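What follows is a set of notes on a single structure, which appears directly below.
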Amino acid sequence: MSFGISGIDHIQIAAPKALEAETIAFYRDVLGLAEIEKPADLKGRGGAWFLAGDVQLHIGIDPESSPPSKRHVCFLVPNLDKARAAAQAHGLTLEKDGPAEGLIRIFIRDPAGNRVEIGQRTR
């Protein structure tokens, strides 16, 4: 029996309390995502919510850091060269990876160490 999943409402990533402000600034100011207001009953937990197209990205706050991993969010862009130049202008380290089934891409890390994929569809 199928769950009947029809889409993704939101994705949540984590940042340690000590890097909360820097991580939120990264998604708002560096990546340029639109911050949306959290419901009043969730504001006391910290973090922030952003909108990326039709999907929300939630930043939850953990007491401690998590080890770096390969898990990631992939943001689509219409022009990967422009996104790569923006990443370099912000002094971000690019982690290269090969194309993946119609997607050319780069990887960067947010201040909390979360891996962020920036990709452009080639088909």
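A note on labels: chains of the structure tokens are A, B, ... as shown, every chain counts residues from 1, and ligands are counted from 1 in their shown order.
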
Which neighbours of Pro78 in chain A fall inside 10 Å, counting only C-alpha atoms, when residues of the same chain fewer than 4 positions from it are skipped, and could you give them as a list in words? Lys82, Ala83, Gly119, Gln120, Arg121 and Thr122 of chain A

Quick one: pick out all helix (DSSP H, G or I) residues within chain A from a backbone DSSP run and write them as a ChimeraX atom specification. /A:17-30,40-45,80-89

Those same residues, written as a short mmCIF file (atom, residue, chain, number, x, y, z; two decimals), in the first residue's frame with N, CA, C and O atoms?
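Output saved as selection_36.cif:
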```
data_model
loop_
_atom_site.label_atom_id
_atom_site.label_comp_id
_atom_site.auth_asym_id
_atom_site.auth_seq_id
_atom_site.Cartn_x
_atom_site.Cartn_y
_atom_site.Cartn_z
N LYS A 17 23.27 26.03 18.27
CA LYS A 17 22.90 27.32 18.86
C LYS A 17 24.01 28.36 18.68
O LYS A 17 23.73 29.52 18.37
N ALA A 18 25.26 27.94 18.81
CA ALA A 18 26.39 28.88 18.71
C ALA A 18 26.53 29.49 17.31
O ALA A 18 27.13 30.55 17.16
N LEU A 19 25.98 28.83 16.29
CA LEU A 19 26.10 29.33 14.91
C LEU A 19 24.75 29.73 14.31
O LEU A 19 24.63 29.89 13.10
N GLU A 20 23.76 29.91 15.15
CA GLU A 20 22.41 30.23 14.69
C GLU A 20 22.38 31.49 13.82
O GLU A 20 21.88 31.48 12.69
N ALA A 21 22.91 32.59 14.32
CA ALA A 21 22.85 33.87 13.59
C ALA A 21 23.59 33.79 12.26
O ALA A 21 23.08 34.25 11.23
N GLU A 22 24.78 33.18 12.25
CA GLU A 22 25.56 33.08 11.02
C GLU A 22 24.87 32.20 9.99
O GLU A 22 24.89 32.49 8.79
N THR A 23 24.25 31.12 10.45
CA THR A 23 23.58 30.21 9.54
C THR A 23 22.34 30.86 8.93
O THR A 23 22.12 30.78 7.72
N ILE A 24 21.57 31.55 9.74
CA ILE A 24 20.39 32.26 9.23
C ILE A 24 20.81 33.33 8.24
O ILE A 24 20.22 33.47 7.16
N ALA A 25 21.85 34.08 8.56
CA ALA A 25 22.35 35.12 7.65
C ALA A 25 22.81 34.52 6.33
O ALA A 25 22.62 35.11 5.27
N PHE A 26 23.41 33.35 6.36
CA PHE A 26 23.87 32.68 5.14
C PHE A 26 22.70 32.43 4.18
O PHE A 26 22.76 32.78 3.00
N TYR A 27 21.63 31.85 4.69
CA TYR A 27 20.49 31.54 3.82
C TYR A 27 19.74 32.80 3.37
O TYR A 27 19.27 32.86 2.24
N ARG A 28 19.68 33.79 4.24
CA ARG A 28 18.99 35.03 3.89
C ARG A 28 19.85 35.94 3.02
O ARG A 28 19.42 36.39 1.95
N ASP A 29 21.08 36.21 3.44
CA ASP A 29 21.90 37.24 2.80
C ASP A 29 22.81 36.70 1.70
O ASP A 29 23.04 37.39 0.71
N VAL A 30 23.35 35.50 1.87
CA VAL A 30 24.25 34.95 0.86
C VAL A 30 23.44 34.25 -0.25
O VAL A 30 23.59 34.56 -1.42
N ALA A 40 3.75 31.81 15.76
CA ALA A 40 4.08 32.38 17.07
C ALA A 40 4.48 31.31 18.09
O ALA A 40 5.42 31.52 18.87
N ASP A 41 3.82 30.16 18.07
CA ASP A 41 4.12 29.12 19.05
C ASP A 41 5.46 28.42 18.81
O ASP A 41 5.92 27.66 19.66
N LEU A 42 6.11 28.67 17.66
CA LEU A 42 7.40 28.06 17.36
C LEU A 42 8.57 29.04 17.45
O LEU A 42 9.73 28.62 17.40
N LYS A 43 8.30 30.31 17.56
CA LYS A 43 9.37 31.32 17.56
C LYS A 43 10.36 31.13 18.71
O LYS A 43 11.54 31.38 18.55
N GLY A 44 9.90 30.68 19.85
CA GLY A 44 10.77 30.51 21.00
C GLY A 44 11.81 29.42 20.84
O GLY A 44 12.77 29.35 21.60
N ARG A 45 11.67 28.59 19.83
CA ARG A 45 12.63 27.51 19.59
C ARG A 45 13.86 27.99 18.83
O ARG A 45 14.81 27.23 18.66
N LEU A 80 24.35 28.04 -13.58
CA LEU A 80 25.33 27.58 -12.59
C LEU A 80 26.59 28.43 -12.59
O LEU A 80 27.18 28.65 -11.54
N ASP A 81 27.01 28.94 -13.75
CA ASP A 81 28.20 29.79 -13.79
C ASP A 81 28.00 31.04 -12.94
O ASP A 81 28.90 31.46 -12.21
N LYS A 82 26.83 31.63 -13.02
CA LYS A 82 26.52 32.82 -12.22
C LYS A 82 26.50 32.46 -10.72
O LYS A 82 27.03 33.20 -9.90
N ALA A 83 25.92 31.33 -10.38
CA ALA A 83 25.88 30.89 -8.98
C ALA A 83 27.29 30.59 -8.47
O ALA A 83 27.64 30.93 -7.34
N ARG A 84 28.13 29.97 -9.31
CA ARG A 84 29.51 29.68 -8.93
C ARG A 84 30.26 30.98 -8.65
O ARG A 84 30.98 31.10 -7.66
N ALA A 85 30.06 31.98 -9.52
CA ALA A 85 30.73 33.27 -9.33
C ALA A 85 30.26 33.94 -8.04
O ALA A 85 31.06 34.54 -7.32
N ALA A 86 28.97 33.83 -7.74
CA ALA A 86 28.45 34.41 -6.50
C ALA A 86 29.05 33.71 -5.28
O ALA A 86 29.43 34.36 -4.31
N ALA A 87 29.17 32.39 -5.35
CA ALA A 87 29.77 31.64 -4.24
C ALA A 87 31.22 32.07 -4.03
O ALA A 87 31.66 32.30 -2.89
N GLN A 88 31.96 32.22 -5.11
CA GLN A 88 33.35 32.65 -5.01
C GLN A 88 33.45 34.08 -4.50
O GLN A 88 34.34 34.40 -3.70
N ALA A 89 32.53 34.95 -4.91
CA ALA A 89 32.54 36.34 -4.44
C ALA A 89 32.29 36.42 -2.93
O ALA A 89 32.77 37.33 -2.27
#
```

As a PyMOL selection string, please: the residues near Pro16 in chain A (cut-off 12 Å, only C-alpha atoms, same-chain neighbours under 4 positions excluded). chain A and resi 20-24+46-47+59-67+110-114

Take the residues from that selection and put them in a file with C-alpha atoms, as a PDB file, in the first residue's frame.
```
ATOM      1  CA  GLU A  20      22.405  30.230  14.688  1.00  0.00           C
ATOM      2  CA  ALA A  21      22.849  33.871  13.592  1.00  0.00           C
ATOM      3  CA  GLU A  22      25.560  33.085  11.023  1.00  0.00           C
ATOM      4  CA  THR A  23      23.577  30.211   9.539  1.00  0.00           C
ATOM      5  CA  ILE A  24      20.387  32.259   9.234  1.00  0.00           C
ATOM      6  CA  GLY A  46      14.943  29.732  17.544  1.00  0.00           C
ATOM      7  CA  GLY A  47      15.938  29.102  13.967  1.00  0.00           C
ATOM      8  CA  ILE A  59      16.483  25.803  10.175  1.00  0.00           C
ATOM      9  CA  GLY A  60      16.140  24.067  13.507  1.00  0.00           C
ATOM     10  CA  ILE A  61      18.503  24.720  16.381  1.00  0.00           C
ATOM     11  CA  ASP A  62      20.392  21.916  18.097  1.00  0.00           C
ATOM     12  CA  PRO A  63      22.466  22.374  21.244  1.00  0.00           C
ATOM     13  CA  GLU A  64      25.627  20.973  19.611  1.00  0.00           C
ATOM     14  CA  SER A  65      27.224  20.710  16.167  1.00  0.00           C
ATOM     15  CA  SER A  66      26.744  17.669  13.973  1.00  0.00           C
ATOM     16  CA  PRO A  67      29.638  16.079  12.088  1.00  0.00           C
ATOM     17  CA  ASP A 110      26.797  26.757   5.304  1.00  0.00           C
ATOM     18  CA  PRO A 111      28.339  28.119   8.536  1.00  0.00           C
ATOM     19  CA  ALA A 112      26.941  25.122  10.467  1.00  0.00           C
ATOM     20  CA  GLY A 113      28.647  22.677   8.087  1.00  0.00           C
ATOM     21  CA  ASN A 114      25.492  21.615   6.241  1.00  0.00           C
TER      22      ASN A 114
END
```

The distance between CA of His58 in chain A and CA of Asp97 in chain A is 25.5 Å

Which of these residues is nearest to Asp54 in chain A, using only C-alpha atoms: A:Leu76, A:Leu31, A:Ile8, A:Ala14?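 Residue with the minimum atom-to-atom distance to Asp54 in chain A: A:Ile8.
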
Between A:Ile11, A:Ser2, A:Glu95, A:Ile104, single out the one closest to Ala52 in chain A, counting only C-alpha atoms.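 Closest candidate: A:Ile11.
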
Between CA of Pro68 in chain A and CA of Ala34 in chain A, what is the distance in Å, rounded to a tenth?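 If I compute the distance from CA of Pro68 in chain A to CA of Ala34 in chain A, I get 25.6 Å.
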
When you count only C-alpha atoms, which of these residues is closest to Ala48 in chain A: A:Val116, A:Lys70, A:Ala15, A:Gly32?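 Smallest separation from Ala48 in chain A among the options: A:Ala15.
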
In chain A, what's strand (DSSP E) per DSSP? Answer as a ChimeraX atom specification? /A:10-16,34-36,48-52,55-62,72-76,95-96,103-109,115-121

Close residues, Leu51 in chain A itself excluded, 9 Å, only C-alpha atoms, min 2 positions apart in chain, as a list in words: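 These residues fall inside the cut-off: His10, Leu33, Ala34, Glu35, Ile36, Trp49, Gly53, Asp54, Val55, Gln56, Leu57 and His58 of chain A.
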
Might you pull out every residue within 7 Å of Leu94 in chain A, with only C-alpha atoms counted and same-chain residues fewer than 3 positions away left off, and present them as a CSV table (one decimal) with all heavy atoms, in the first residue's frame?
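Wrote it out as out-v4.csv, contents follow:
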```
chain,number,residue,atom,x,y,z
A,106,ILE,N,27.5,22.2,-8.1
A,106,ILE,CA,28.6,22.5,-7.1
A,106,ILE,C,28.0,22.3,-5.7
A,106,ILE,O,26.8,22.2,-5.5
A,106,ILE,CB,29.1,23.9,-7.3
A,106,ILE,CG1,28.0,25.0,-7.0
A,106,ILE,CG2,29.8,24.1,-8.6
A,106,ILE,CD1,28.5,26.4,-6.9
A,107,PHE,N,28.9,22.1,-4.8
A,107,PHE,CA,28.5,22.0,-3.4
A,107,PHE,C,29.3,23.0,-2.6
A,107,PHE,O,30.5,23.3,-2.9
A,107,PHE,CB,28.9,20.6,-2.8
A,107,PHE,CG,28.1,19.5,-3.4
A,107,PHE,CD1,28.5,18.7,-4.5
A,107,PHE,CD2,26.8,19.1,-2.8
A,107,PHE,CE1,27.7,17.7,-5.0
A,107,PHE,CE2,26.1,18.1,-3.3
A,107,PHE,CZ,26.5,17.4,-4.4
A,108,ILE,N,28.6,23.6,-1.6
A,108,ILE,CA,29.2,24.5,-0.7
A,108,ILE,C,28.7,24.1,0.7
A,108,ILE,O,27.9,23.2,0.8
A,108,ILE,CB,28.8,26.0,-1.0
A,108,ILE,CG1,27.2,26.1,-1.0
A,108,ILE,CG2,29.4,26.5,-2.3
A,108,ILE,CD1,26.7,27.6,-1.2
```

What is the CA of Ile118 in chain A to CA of Asp9 in chain A distance in Å? 19.6 Å
